[in-house]
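Engineer: I am sharing upload_9.cif, which consists of mmCIF, C-alpha atoms:
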data_coords
loop_
_atom_site.label_atom_id
_atom_site.label_comp_id
_atom_site.auth_asym_id
_atom_site.auth_seq_id
_atom_site.Cartn_x
_atom_site.Cartn_y
_atom_site.Cartn_z
CA MET S 87 0.00 0.00 0.00
CA SER S 88 1.39 3.43 -0.93
CA ASP S 89 1.82 6.05 1.79
CA ARG S 90 -1.01 8.13 0.35
CA LEU S 91 -3.38 5.16 0.16
CA ASP S 92 -2.41 4.34 3.72
CA ASP S 93 -3.37 7.91 4.73
CA ILE S 94 -6.71 7.58 2.93
CA VAL S 95 -7.55 4.28 4.62
CA ARG S 96 -6.49 5.46 8.08
CA LEU S 97 -8.63 8.58 7.69
CA GLY S 98 -11.50 6.47 6.38
CA ARG S 99 -11.20 4.23 9.43
CA ARG S 100 -11.50 7.28 11.68
CA ILE S 101 -14.54 8.57 9.78
CA VAL S 102 -16.26 5.19 10.12
CA ALA S 103 -15.64 5.22 13.88
CA GLU S 104 -17.03 8.75 14.16
CA THR S 105 -20.02 8.47 11.84
CA GLY S 106 -20.77 4.80 11.20
CA GLU S 107 -21.04 5.69 7.50
CA ASP S 108 -18.99 5.01 4.39
CA PRO S 109 -16.37 7.77 4.07
CA ALA S 110 -17.36 10.22 1.32
CA ALA S 111 -14.79 11.19 -1.31
CA ARG S 112 -15.23 14.90 -0.57
CA ASP S 113 -14.59 14.38 3.17
CA LEU S 114 -11.50 12.30 2.54
CA ALA S 115 -10.18 14.79 0.01
CA ARG S 116 -10.88 17.81 2.22
CA GLU S 117 -9.13 16.31 5.26
CA LEU S 118 -6.17 15.26 3.16
CA GLU S 119 -6.10 18.64 1.46
CA MET S 120 -6.35 17.26 -2.03
CA ALA S 121 -8.85 17.65 -4.86
CA PRO S 122 -11.50 14.91 -4.90
CA ALA S 123 -10.30 13.89 -8.35
CA SER S 124 -6.77 13.40 -6.99
CA LEU S 125 -8.12 10.78 -4.61
CA TYR S 126 -8.66 8.51 -7.57
CA GLU S 127 -4.99 8.64 -8.46
CA HIS S 128 -4.51 6.40 -5.41
CA VAL S 129 -7.66 4.24 -5.44
CA ASP S 130 -9.83 2.91 -8.26
CA ASN S 131 -13.04 3.53 -6.33
CA LEU S 132 -14.32 4.04 -2.80
CA SER S 133 -15.35 0.38 -2.47
CA GLU S 134 -11.66 -0.41 -2.45
CA VAL S 135 -11.19 1.97 0.50
CA ASN S 136 -14.16 0.44 2.32
CA ASP S 137 -12.79 -3.06 1.80
CA LEU S 138 -9.41 -2.04 3.20
CA ILE S 139 -11.12 -0.45 6.22
CA ARG S 140 -13.08 -3.67 6.73
CA LEU S 141 -9.82 -5.58 6.82
CA ILE S 142 -8.38 -3.19 9.42
CA VAL S 143 -11.48 -3.55 11.60
CA ALA S 144 -11.38 -7.35 11.26
CA GLU S 145 -7.73 -7.28 12.34
CA GLU S 146 -8.68 -5.14 15.36
CA VAL S 147 -11.24 -7.75 16.42
CA MET S 148 -8.75 -10.58 15.96
CA GLU S 149 -6.20 -8.58 17.96
CA THR S 150 -8.82 -8.24 20.70
CA VAL S 151 -9.19 -12.03 20.72
CA ARG S 152 -5.43 -12.56 20.84
CA GLY S 153 -5.08 -9.96 23.59
CA ALA S 154 -7.74 -11.62 25.74
CA ARG S 155 -6.09 -15.00 25.25
CA SER S 156 -2.66 -13.73 26.16
CA GLN S 157 -4.13 -12.43 29.44
CA GLY S 158 -5.94 -15.70 30.05
CA ASP S 159 -9.29 -13.90 29.73
CA PRO S 160 -12.37 -15.27 27.94
CA GLU S 161 -12.74 -14.10 24.34
CA VAL S 162 -16.46 -13.42 24.01
CA PRO S 163 -16.65 -10.68 26.70
CA ALA S 164 -13.61 -9.04 25.11
CA ILE S 165 -15.33 -9.01 21.72
CA LEU S 166 -18.54 -7.64 23.24
CA ASP S 167 -16.49 -4.87 24.89
CA TRP S 168 -14.95 -4.04 21.53
CA VAL S 169 -18.40 -3.91 19.94
CA CYS S 170 -19.75 -1.58 22.64
CA ASP S 171 -16.66 0.65 22.60
CA ASP S 172 -16.81 1.04 18.83
CA ARG S 173 -20.46 0.39 18.09
CA LEU S 174 -20.62 2.60 15.01
CA SER S 175 -17.75 0.70 13.39
CA ALA S 176 -19.30 -2.64 14.34
CA ASN S 177 -22.65 -1.64 12.85
CA TRP S 178 -20.95 -0.31 9.74
CA TRP S 179 -18.93 -3.48 9.31
CA LEU S 180 -21.90 -5.76 9.80
CA SER S 181 -24.24 -3.74 7.60
CA VAL S 182 -22.49 -5.15 4.55
CA ASP S 183 -24.05 -8.14 2.79
CA VAL S 184 -21.53 -10.89 3.52
CA SER S 185 -22.27 -12.61 0.24
CA LEU S 186 -21.29 -9.40 -1.60
CA LEU S 187 -17.94 -9.02 0.14
CA PRO S 188 -15.04 -9.37 -2.30
CA GLU S 189 -13.17 -12.66 -2.16
CA SER S 190 -10.05 -10.76 -1.09
CA VAL S 191 -11.79 -9.55 2.07
CA ILE S 192 -13.16 -13.01 2.89
CA ASP S 193 -9.66 -14.43 2.25
CA ALA S 194 -8.10 -11.93 4.63
CA ILE S 195 -10.65 -12.66 7.36
CA ASP S 196 -10.10 -16.32 6.65
CA ASP S 197 -6.35 -15.88 7.22
CA ALA S 198 -6.88 -13.87 10.38
CA LEU S 199 -9.34 -16.46 11.67
CA ALA S 200 -6.87 -19.26 10.94
CA ARG S 201 -4.49 -17.67 13.41
CA VAL S 202 -7.02 -17.85 16.25
CA VAL S 203 -9.33 -20.79 15.43
CA PRO S 204 -8.00 -24.24 14.52
CA ILE S 205 -10.44 -24.89 11.70
CA ALA S 206 -9.81 -27.02 8.61
CA PRO S 207 -8.78 -24.76 5.69
CA ASP S 208 -11.55 -26.00 3.39
CA ARG S 209 -14.19 -25.19 6.04
CA ARG S 210 -13.00 -21.70 6.99
CA ARG S 211 -14.84 -19.76 4.30
CA SER S 212 -18.19 -21.28 5.21
CA PHE S 213 -17.43 -20.68 8.90
CA VAL S 214 -16.64 -17.02 8.21
CA LYS S 215 -19.83 -16.44 6.24
CA ALA S 216 -22.10 -18.23 8.71
CA GLY S 217 -20.37 -16.61 11.69
CA LEU S 218 -20.53 -13.09 10.28
CA ALA S 219 -24.22 -13.48 9.54
CA LEU S 220 -24.86 -14.70 13.09
CA VAL S 221 -23.16 -11.78 14.80
CA VAL S 222 -25.00 -9.16 12.76
CA ALA S 223 -27.30 -8.52 15.74
CA MET S 224 -24.41 -8.26 18.17
CA PRO S 225 -24.16 -4.45 18.37
CA GLU S 226 -27.90 -4.09 18.88
CA VAL S 227 -28.09 -6.84 21.49
CA THR S 228 -24.85 -6.12 23.30
CA CYS S 229 -25.27 -2.39 23.61
CA ASP S 230 -28.93 -2.52 24.59
CA PRO S 231 -29.09 -1.59 28.29
CA HIS S 232 -32.12 -3.88 28.72
CA PHE S 233 -30.12 -6.88 27.56
CA THR S 234 -27.77 -7.48 30.47
CA ARG S 235 -24.13 -8.12 29.80
CA GLU S 236 -24.34 -11.52 31.50
CA ARG S 237 -27.12 -12.57 29.14
CA ALA S 238 -25.28 -11.31 26.10
CA VAL S 239 -22.06 -13.09 27.12
CA ALA S 240 -23.89 -16.34 27.89
CA PHE S 241 -25.82 -16.16 24.61
CA TYR S 242 -22.81 -15.53 22.37
CA GLU S 243 -20.52 -17.92 24.26
CA GLY S 244 -23.08 -20.67 23.74
CA LEU S 245 -23.48 -19.72 20.11
CA TRP S 246 -19.72 -19.78 19.56
CA VAL S 247 -19.42 -23.25 21.11
CA ASP S 248 -22.31 -24.54 18.99
CA LEU S 249 -20.91 -23.03 15.79
CA CYS S 250 -17.48 -24.53 16.51
CA ARG S 251 -19.05 -27.91 17.19
CA LEU S 252 -20.96 -27.71 13.90
CA PHE S 253 -17.64 -27.22 12.10
CA GLY S 254 -15.72 -29.78 14.14
CA VAL S 255 -13.56 -27.14 15.83
CA PRO S 256 -12.33 -28.07 19.32
CA THR S 257 -13.32 -25.52 21.99
CA MET W 605 -57.41 -9.83 0.28
CA SER W 606 -58.46 -8.20 -2.99
CA ASP W 607 -58.63 -10.33 -6.14
CA ARG W 608 -55.40 -8.87 -7.57
CA GLN W 609 -53.30 -8.90 -4.43
CA PRO W 610 -52.11 -12.50 -4.99
CA GLU W 611 -50.80 -11.52 -8.45
CA ILE W 612 -48.88 -8.62 -6.94
CA ILE W 613 -47.45 -10.78 -4.16
CA SER W 614 -46.45 -13.44 -6.65
CA ALA W 615 -44.76 -10.86 -8.89
CA ALA W 616 -42.85 -9.43 -5.92
CA ARG W 617 -41.70 -12.91 -4.87
CA GLN W 618 -40.42 -13.71 -8.35
CA LEU W 619 -38.50 -10.46 -8.47
CA ILE W 620 -36.96 -10.97 -5.03
CA VAL W 621 -35.61 -14.33 -6.24
CA GLU W 622 -34.31 -12.81 -9.47
CA LYS W 623 -32.71 -9.91 -7.60
CA GLU W 624 -31.06 -12.37 -5.18
CA GLY W 625 -32.83 -11.11 -2.11
CA ARG W 626 -32.89 -7.39 -2.88
CA ASP W 627 -36.07 -5.31 -2.77
CA PRO W 628 -37.96 -4.82 -6.04
CA SER W 629 -39.55 -1.42 -6.73
CA ILE W 630 -43.26 -0.76 -7.23
CA ARG W 631 -42.56 -0.12 -10.91
CA GLU W 632 -40.83 -3.49 -11.31
CA ILE W 633 -43.60 -5.29 -9.47
CA ALA W 634 -46.27 -3.60 -11.57
CA GLU W 635 -44.48 -4.46 -14.79
CA ARG W 636 -44.12 -8.11 -13.78
CA ALA W 637 -47.80 -8.30 -12.77
CA TYR W 638 -48.89 -6.72 -16.10
CA MET W 639 -50.47 -3.71 -14.44
CA SER W 640 -49.64 -0.06 -13.91
CA PRO W 641 -47.99 1.21 -10.71
CA ALA W 642 -51.25 3.08 -10.04
CA THR W 643 -53.11 -0.24 -10.03
CA VAL W 644 -50.68 -1.64 -7.46
CA TYR W 645 -51.54 1.34 -5.25
CA VAL W 646 -55.23 0.50 -5.58
CA HIS W 647 -54.56 -2.81 -3.84
CA PHE W 648 -51.74 -1.81 -1.46
CA THR W 649 -51.17 1.53 0.27
CA ASN W 650 -47.41 1.48 -0.28
CA LEU W 651 -44.41 -0.74 -0.93
CA ALA W 652 -44.06 -1.59 2.77
CA GLU W 653 -47.56 -3.06 2.68
CA VAL W 654 -46.65 -5.19 -0.35
CA PHE W 655 -43.55 -6.46 1.46
CA ASP W 656 -45.58 -7.25 4.57
CA ALA W 657 -47.97 -9.32 2.45
CA VAL W 658 -45.00 -11.12 0.87
CA LEU W 659 -43.58 -11.89 4.32
CA VAL W 660 -46.92 -13.29 5.50
CA ASP W 661 -47.08 -15.36 2.29
CA LEU W 662 -43.59 -16.76 2.90
CA LEU W 663 -44.42 -17.67 6.49
CA THR W 664 -47.52 -19.46 5.23
CA ASP W 665 -45.32 -21.46 2.86
CA ILE W 666 -42.91 -22.47 5.60
CA ARG W 667 -45.80 -23.53 7.81
CA ALA W 668 -47.21 -25.58 4.95
CA ALA W 669 -43.80 -27.23 4.55
CA GLY W 670 -43.96 -28.14 8.25
CA GLU W 671 -47.40 -29.68 7.85
CA GLU W 672 -46.16 -31.63 4.87
CA TYR W 673 -43.45 -33.12 7.07
CA GLY W 674 -45.86 -33.73 9.93
CA ASN W 675 -45.55 -32.71 13.55
CA GLY W 676 -42.42 -33.22 15.60
CA ASP W 677 -39.92 -32.38 12.90
CA GLY W 678 -38.60 -29.35 14.75
CA ALA W 679 -36.46 -27.11 12.61
CA ARG W 680 -36.22 -29.48 9.62
CA PRO W 681 -39.03 -27.99 7.48
CA ALA W 682 -37.72 -24.45 7.96
CA LEU W 683 -34.18 -25.57 7.15
CA ARG W 684 -35.34 -27.32 4.01
CA TRP W 685 -37.32 -24.26 2.98
CA ILE W 686 -34.28 -22.00 3.53
CA ALA W 687 -32.05 -24.36 1.51
CA GLU W 688 -34.56 -24.38 -1.34
CA HIS W 689 -35.31 -20.64 -1.25
CA PRO W 690 -32.06 -18.89 -0.23
CA GLU W 691 -32.95 -15.60 -1.94
CA LEU W 692 -36.30 -15.36 -0.16
CA ALA W 693 -34.63 -16.27 3.14
CA VAL W 694 -32.02 -13.53 2.65
CA TRP W 695 -34.75 -11.03 1.81
CA THR W 696 -36.73 -12.04 4.91
CA SER W 697 -33.70 -11.67 7.14
CA ASP W 698 -33.16 -8.13 5.84
CA ARG W 699 -36.51 -6.89 7.20
CA ALA W 700 -36.13 -4.38 10.01
CA PRO W 701 -38.39 -5.41 12.92
CA ALA W 702 -39.47 -1.86 13.67
CA GLU W 703 -40.61 -1.32 10.08
CA LEU W 704 -42.86 -4.38 9.90
CA LEU W 705 -46.55 -3.53 9.83
CA ASP W 706 -49.14 -5.13 12.09
CA GLY W 707 -50.05 -7.98 9.75
CA ALA W 708 -46.46 -9.18 9.45
CA GLN W 709 -45.81 -8.68 13.18
CA GLN W 710 -48.79 -10.87 14.05
CA ALA W 711 -47.83 -13.51 11.48
CA LEU W 712 -44.30 -13.58 12.86
CA ALA W 713 -45.61 -13.80 16.42
CA ALA W 714 -47.64 -16.89 15.46
CA PHE W 715 -44.61 -18.33 13.69
CA PHE W 716 -42.14 -17.63 16.51
CA ASN W 717 -44.18 -19.71 18.94
CA PHE W 718 -40.94 -20.96 20.48
CA LEU W 719 -40.28 -17.57 22.08
CA PRO W 720 -41.18 -16.81 25.71
CA ALA W 721 -44.83 -15.82 26.16
CA GLU W 722 -43.95 -12.29 27.28
CA VAL W 723 -42.08 -11.58 24.06
CA GLN W 724 -44.85 -9.95 22.04
CA PRO W 725 -44.90 -7.48 19.13
CA GLY W 726 -44.41 -3.89 20.19
CA SER W 727 -42.00 -4.69 23.02
CA LYS W 728 -38.21 -4.27 23.08
CA PRO W 729 -37.66 -8.00 23.71
CA TRP W 730 -39.73 -8.68 20.60
CA ASP W 731 -37.57 -6.43 18.42
CA ARG W 732 -34.46 -8.13 19.77
CA ALA W 733 -35.96 -11.58 19.20
CA VAL W 734 -36.75 -10.75 15.58
CA VAL W 735 -33.25 -9.36 15.02
CA LEU W 736 -31.72 -12.51 16.52
CA VAL W 737 -33.91 -14.92 14.55
CA PHE W 738 -33.32 -13.01 11.31
CA ALA W 739 -29.55 -13.15 11.97
CA LEU W 740 -29.91 -16.90 12.46
CA THR W 741 -31.88 -17.13 9.22
CA ARG W 742 -29.17 -15.28 7.31
CA SER W 743 -26.56 -17.62 8.74
CA LEU W 744 -28.66 -20.66 7.87
CA VAL W 745 -28.71 -19.57 4.23
CA HIS W 746 -24.99 -20.40 4.23
CA LEU W 747 -25.18 -23.43 6.48
CA ALA W 748 -28.24 -25.12 4.95
CA THR W 749 -26.70 -24.96 1.49
CA ASP W 750 -23.26 -26.16 2.62
CA PRO W 751 -22.95 -29.84 1.62
CA ALA W 752 -20.32 -30.40 4.32
CA VAL W 753 -22.77 -29.51 7.10
CA ASP W 754 -24.72 -32.47 8.40
CA THR W 755 -28.48 -31.79 8.50
CA GLU W 756 -28.97 -33.43 11.88
CA ASP W 757 -26.12 -31.38 13.37
CA LEU W 758 -27.72 -28.28 11.90
CA VAL W 759 -31.07 -29.16 13.48
CA ASP W 760 -29.28 -29.47 16.83
CA PHE W 761 -27.59 -26.11 16.21
CA VAL W 762 -30.91 -24.38 15.51
CA GLU W 763 -32.58 -25.97 18.51
CA GLY W 764 -29.64 -24.90 20.69
CA PHE W 765 -30.01 -21.36 19.36
CA VAL W 766 -33.71 -21.33 20.22
CA VAL W 767 -33.05 -22.52 23.78
CA ARG W 768 -30.34 -19.89 24.25
CA ALA W 769 -32.49 -17.13 22.76
CA ASN W 770 -35.29 -18.08 25.12
CA VAL W 771 -33.03 -17.83 28.14
CA ALA W 772 -31.54 -14.55 26.93
CA LEU W 773 -34.88 -12.98 26.10
CA THR W 774 -36.85 -14.09 29.15
CA ASP W 775 -36.86 -11.25 31.61
CA PRO W 776 -40.02 -10.96 33.73
CA GLY W 777 -38.84 -7.61 35.11
CA GLU W 778 -38.71 -5.93 31.76
CA SER W 779 -41.59 -3.99 30.26
CA ALA W 780 -42.18 -2.71 26.75
#
Could you show the structure in this file as structure tokens?
Structural biologist:
Amino acid sequence: MSDRLDDIVRLGRRIVAETGEDPAARDLARELEMAPASLYEHVDNLSEVNDLIRLIVAEEVMETVRGARSQGDPEVPAILDWVCDDRLSANWWLSVDVSLLPESVIDAIDDALARVVPIAPDRRRSFVKAGLALVVAMPEVTCDPHFTRERAVAFYEGLWVDLCRLFGVPT
Amino acid sequence: MSDRQPEIISAARQLIVEKEGRDPSIREIAERAYMSPATVYVHFTNLAEVFDAVLVDLLTDIRAAGEEYGNGDGARPALRWIAEHPELAVWTSDRAPAELLDGAQQALAAFFNFLPAEVQPGSKPWDRAVVLVFALTRSLVHLATDPAVDTEDLVDFVEGFVVRANVALTDPGESA
């Protein structure tokens, strides 16, 4: 990734966290003090930027999992904390139709997942798609003050175990 | 139901399949049903009302699939329906609970008879339940069409989800 593209994606990541919306070309260009047309010297289209931001966010979640593990803490509460701390990003990420995600994004999530879940390579893609669809309600459920944290943790921990069992992943 | 409503519902269903789960417009529905958009509006107030009627129609189909299998088959009829109609299942799972009209809410309430009794349309637990079940539906579109997933294991998975959702959603102290 070129330095300028890196700047665009980092800024886009910040805009997603602040607004929960796709970054607009004019906002990116204004903040980076360039003409909107110049933006397209570094990216073919804004979908490319969104896909790169999705990869960054996916890496952040995986890092959260690795961090919890290294501390000996359970993973699901750590993920729920991440979702609540960055709800706009979580909603933005999950608002995408998983079946429309480019193969490169699924591949990257697949690779990241492989580092934290011992799942057979030929089953990972299906696991990613089914898992992403299941957690689509997570921001709404987790951040709802009427849905206690204990209930949310118990619900998603159980779901994780069941999903792993369905795919033959040891838990 | 007016005499032309079934034609409109059928046209909308066909288009949802062709558009791989995305919403058709009134114009597209009218064209497919060989009528003008104005005629569609004679039979339905707006597009949301058409979609509600489609949702009720789909739920009726899934129920009929259950009756075809007979009682005691648990999640199997719904899983088979999802595997055979992935586009319609995706479309269903994209409905926002708060935007469903009364007819669809009541049809869903009858369909979601596995939920705790206090989880009724119009309450926060109901909205959460619909969101959770629709998320499950979207996931099942992948799982039910994955040849490597064993159907019996998937039935167990769905039944486990239902039990967990019941526990998570049951909260006698909570009001609408």
Engineer: Return as a Markdown table the residues of chain W lying at most 8 Å from chain S, together with the closest atom-to-atom pair for each and the distance in Å to one decimal, counting all atoms listed in the file, with rows in chain order and ascending residue number.
Structural biologist:
| residue | atom | partner | partner_atom | distance |
| --- | --- | --- | --- | --- |
| W:Arg732 | CA | S:Val227 | CA | 6.7 |
| W:Val735 | CA | S:Ala223 | CA | 6.1 |
| W:Leu736 | CA | S:Ala223 | CA | 6.0 |
| W:Ala739 | CA | S:Leu220 | CA | 5.1 |
| W:Leu740 | CA | S:Leu220 | CA | 5.5 |
| W:Arg742 | CA | S:Ala219 | CA | 5.7 |
| W:Ser743 | CA | S:Ala216 | CA | 4.5 |
| W:Leu744 | CA | S:Ala216 | CA | 7.0 |
| W:His746 | CA | S:Ala216 | CA | 5.8 |
| W:Leu747 | CA | S:Ala216 | CA | 6.4 |
| W:Asp750 | CA | S:Ser212 | CA | 7.5 |
| W:Val753 | CA | S:Leu252 | CA | 7.3 |
| W:Asp757 | CA | S:Leu252 | CA | 6.4 |
| W:Leu758 | CA | S:Leu252 | CA | 7.1 |
| W:Phe761 | CA | S:Asp248 | CA | 6.2 |
| W:Gly764 | CA | S:Asp248 | CA | 7.5 |
| W:Phe765 | CA | S:Leu245 | CA | 6.8 |
| W:Arg768 | CA | S:Phe241 | CA | 5.9 |
| W:Ala769 | CA | S:Phe241 | CA | 7.0 |
| W:Val771 | CA | S:Arg237 | CA | 8.0 |
| W:Ala772 | CA | S:Arg237 | CA | 5.3 |
| W:Leu773 | CA | S:Phe233 | CA | 7.9 |
| W:Glu778 | CA | S:His232 | CA | 7.5 |
Engineer: Write out the residues from the selection above, keeping C-alpha atoms, as a PDB file, in the coordinates of the input.
Structural biologist:
ATOM      1  CA  ARG W 732     -34.460  -8.130  19.770  1.00  0.00           C
ATOM      2  CA  VAL W 735     -33.250  -9.360  15.020  1.00  0.00           C
ATOM      3  CA  LEU W 736     -31.720 -12.510  16.520  1.00  0.00           C
ATOM      4  CA  ALA W 739     -29.550 -13.150  11.970  1.00  0.00           C
ATOM      5  CA  LEU W 740     -29.910 -16.900  12.460  1.00  0.00           C
ATOM      6  CA  ARG W 742     -29.170 -15.280   7.310  1.00  0.00           C
ATOM      7  CA  SER W 743     -26.560 -17.620   8.740  1.00  0.00           C
ATOM      8  CA  LEU W 744     -28.660 -20.660   7.870  1.00  0.00           C
ATOM      9  CA  HIS W 746     -24.990 -20.400   4.230  1.00  0.00           C
ATOM     10  CA  LEU W 747     -25.180 -23.430   6.480  1.00  0.00           C
ATOM     11  CA  ASP W 750     -23.260 -26.160   2.620  1.00  0.00           C
ATOM     12  CA  VAL W 753     -22.770 -29.510   7.100  1.00  0.00           C
ATOM     13  CA  ASP W 757     -26.120 -31.380  13.370  1.00  0.00           C
ATOM     14  CA  LEU W 758     -27.720 -28.280  11.900  1.00  0.00           C
ATOM     15  CA  PHE W 761     -27.590 -26.110  16.210  1.00  0.00           C
ATOM     16  CA  GLY W 764     -29.640 -24.900  20.690  1.00  0.00           C
ATOM     17  CA  PHE W 765     -30.010 -21.360  19.360  1.00  0.00           C
ATOM     18  CA  ARG W 768     -30.340 -19.890  24.250  1.00  0.00           C
ATOM     19  CA  ALA W 769     -32.490 -17.130  22.760  1.00  0.00           C
ATOM     20  CA  VAL W 771     -33.030 -17.830  28.140  1.00  0.00           C
ATOM     21  CA  ALA W 772     -31.540 -14.550  26.930  1.00  0.00           C
ATOM     22  CA  LEU W 773     -34.880 -12.980  26.100  1.00  0.00           C
ATOM     23  CA  GLU W 778     -38.710  -5.930  31.760  1.00  0.00           C
TER      24      GLU W 778
END
Engineer: For the structure shown, which residues end up in the PyMOL selection byres ((chain W and resi 611-617) around 12)? Put them as a VMD selection string, please?
Structural biologist: chain W and resid 605 to 610 618 to 641 643 to 648 651 to 662 689 691 to 693 695 to 696
Engineer: Could you write out the selected residues, including C-alpha atoms, as a short mmCIF file (atom, residue, chain, number, x, y, z; two decimals), in the frame of the given file?
Structural biologist:
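And here is the file that came out, selection_21.cif:
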data_model
loop_
_atom_site.label_atom_id
_atom_site.label_comp_id
_atom_site.auth_asym_id
_atom_site.auth_seq_id
_atom_site.Cartn_x
_atom_site.Cartn_y
_atom_site.Cartn_z
CA MET W 605 -57.41 -9.83 0.28
CA SER W 606 -58.46 -8.20 -2.99
CA ASP W 607 -58.63 -10.33 -6.14
CA ARG W 608 -55.40 -8.87 -7.57
CA GLN W 609 -53.30 -8.90 -4.43
CA PRO W 610 -52.11 -12.50 -4.99
CA GLN W 618 -40.42 -13.71 -8.35
CA LEU W 619 -38.50 -10.46 -8.47
CA ILE W 620 -36.96 -10.97 -5.03
CA VAL W 621 -35.61 -14.33 -6.24
CA GLU W 622 -34.31 -12.81 -9.47
CA LYS W 623 -32.71 -9.91 -7.60
CA GLU W 624 -31.06 -12.37 -5.18
CA GLY W 625 -32.83 -11.11 -2.11
CA ARG W 626 -32.89 -7.39 -2.88
CA ASP W 627 -36.07 -5.31 -2.77
CA PRO W 628 -37.96 -4.82 -6.04
CA SER W 629 -39.55 -1.42 -6.73
CA ILE W 630 -43.26 -0.76 -7.23
CA ARG W 631 -42.56 -0.12 -10.91
CA GLU W 632 -40.83 -3.49 -11.31
CA ILE W 633 -43.60 -5.29 -9.47
CA ALA W 634 -46.27 -3.60 -11.57
CA GLU W 635 -44.48 -4.46 -14.79
CA ARG W 636 -44.12 -8.11 -13.78
CA ALA W 637 -47.80 -8.30 -12.77
CA TYR W 638 -48.89 -6.72 -16.10
CA MET W 639 -50.47 -3.71 -14.44
CA SER W 640 -49.64 -0.06 -13.91
CA PRO W 641 -47.99 1.21 -10.71
CA THR W 643 -53.11 -0.24 -10.03
CA VAL W 644 -50.68 -1.64 -7.46
CA TYR W 645 -51.54 1.34 -5.25
CA VAL W 646 -55.23 0.50 -5.58
CA HIS W 647 -54.56 -2.81 -3.84
CA PHE W 648 -51.74 -1.81 -1.46
CA LEU W 651 -44.41 -0.74 -0.93
CA ALA W 652 -44.06 -1.59 2.77
CA GLU W 653 -47.56 -3.06 2.68
CA VAL W 654 -46.65 -5.19 -0.35
CA PHE W 655 -43.55 -6.46 1.46
CA ASP W 656 -45.58 -7.25 4.57
CA ALA W 657 -47.97 -9.32 2.45
CA VAL W 658 -45.00 -11.12 0.87
CA LEU W 659 -43.58 -11.89 4.32
CA VAL W 660 -46.92 -13.29 5.50
CA ASP W 661 -47.08 -15.36 2.29
CA LEU W 662 -43.59 -16.76 2.90
CA HIS W 689 -35.31 -20.64 -1.25
CA GLU W 691 -32.95 -15.60 -1.94
CA LEU W 692 -36.30 -15.36 -0.16
CA ALA W 693 -34.63 -16.27 3.14
CA TRP W 695 -34.75 -11.03 1.81
CA THR W 696 -36.73 -12.04 4.91
#
Engineer: Quick one: distance from atom CA of S:Ala206 to atom CA of S:Val255 in Å, one decimal?
Structural biologist: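 Result for atom CA of S:Ala206 versus atom CA of S:Val255: 8.1 Å, one decimal.
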Engineer: Quick one: residues within 8 Å of W:Asp731, all atoms listed in the file, excluding same-chain residues fewer than 4 positions away - as a VMD selection string?
Structural biologist: chain W and resid 701 to 702 725 to 727 735
Engineer: Can you work out which one of S:Arg173, S:Arg155, S:Arg140, S:Arg116 has the shortest atom-to-atom distance to S:Ile195, counting only C-alpha atoms?
Structural biologist: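 Answer, going by the shortest atom-to-atom distance: S:Arg140.
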Engineer: So how many Å separate atom CA of W:Thr774 and atom CA of S:Arg235, to one decimal?
Structural biologist: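 The value is 14.1 Å.
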Engineer: Would you work out the distance separating atom CA of S:Val135 from atom CA of S:Pro109, expressed in Å to one decimal?
Structural biologist: 8.6 Å
Engineer: Which residues are close to S:Trp178, i.e. within 9 Å by only C-alpha atoms, leaving aside same-chain residues fewer than 2 positions away? Reply as a ChimeraX atom specification.
Structural biologist: /S:102-103,106-108,173-176,180-182
Engineer: If you keep C-alpha atoms, can you produce a file of those selected residues as a PDB file, in the frame of the given file?
Structural biologist:
ATOM      1  CA  VAL S 102     -16.260   5.190  10.120  1.00  0.00           C
ATOM      2  CA  ALA S 103     -15.640   5.220  13.880  1.00  0.00           C
ATOM      3  CA  GLY S 106     -20.770   4.800  11.200  1.00  0.00           C
ATOM      4  CA  GLU S 107     -21.040   5.690   7.500  1.00  0.00           C
ATOM      5  CA  ASP S 108     -18.990   5.010   4.390  1.00  0.00           C
ATOM      6  CA  ARG S 173     -20.460   0.390  18.090  1.00  0.00           C
ATOM      7  CA  LEU S 174     -20.620   2.600  15.010  1.00  0.00           C
ATOM      8  CA  SER S 175     -17.750   0.700  13.390  1.00  0.00           C
ATOM      9  CA  ALA S 176     -19.300  -2.640  14.340  1.00  0.00           C
ATOM     10  CA  LEU S 180     -21.900  -5.760   9.800  1.00  0.00           C
ATOM     11  CA  SER S 181     -24.240  -3.740   7.600  1.00  0.00           C
ATOM     12  CA  VAL S 182     -22.490  -5.150   4.550  1.00  0.00           C
TER      13      VAL S 182
END
Engineer: Please list as a compact mmCIF listing (two decimals) with C-alpha atoms, in the coordinates of the input every residue within 12 Å of S:Ala144, counting only C-alpha atoms and excluding residues in the same chain fewer than 2 positions away.
Structural biologist:
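selection37.txt written:
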# COMPACT_ATOMS: atom_id res chain seq x y z
CA ARG S 99 -11.20 4.23 9.43
CA ASP S 137 -12.79 -3.06 1.80
CA LEU S 138 -9.41 -2.04 3.20
CA ILE S 139 -11.12 -0.45 6.22
CA ARG S 140 -13.08 -3.67 6.73
CA LEU S 141 -9.82 -5.58 6.82
CA ILE S 142 -8.38 -3.19 9.42
CA GLU S 146 -8.68 -5.14 15.36
CA VAL S 147 -11.24 -7.75 16.42
CA MET S 148 -8.75 -10.58 15.96
CA GLU S 149 -6.20 -8.58 17.96
CA THR S 150 -8.82 -8.24 20.70
CA VAL S 151 -9.19 -12.03 20.72
CA ILE S 165 -15.33 -9.01 21.72
CA TRP S 168 -14.95 -4.04 21.53
CA VAL S 169 -18.40 -3.91 19.94
CA SER S 175 -17.75 0.70 13.39
CA ALA S 176 -19.30 -2.64 14.34
CA TRP S 178 -20.95 -0.31 9.74
CA TRP S 179 -18.93 -3.48 9.31
CA LEU S 180 -21.90 -5.76 9.80
CA VAL S 191 -11.79 -9.55 2.07
CA ILE S 192 -13.16 -13.01 2.89
CA ASP S 193 -9.66 -14.43 2.25
CA ALA S 194 -8.10 -11.93 4.63
CA ILE S 195 -10.65 -12.66 7.36
CA ASP S 196 -10.10 -16.32 6.65
CA ASP S 197 -6.35 -15.88 7.22
CA ALA S 198 -6.88 -13.87 10.38
CA LEU S 199 -9.34 -16.46 11.67
CA VAL S 214 -16.64 -17.02 8.21
CA LEU S 218 -20.53 -13.09 10.28
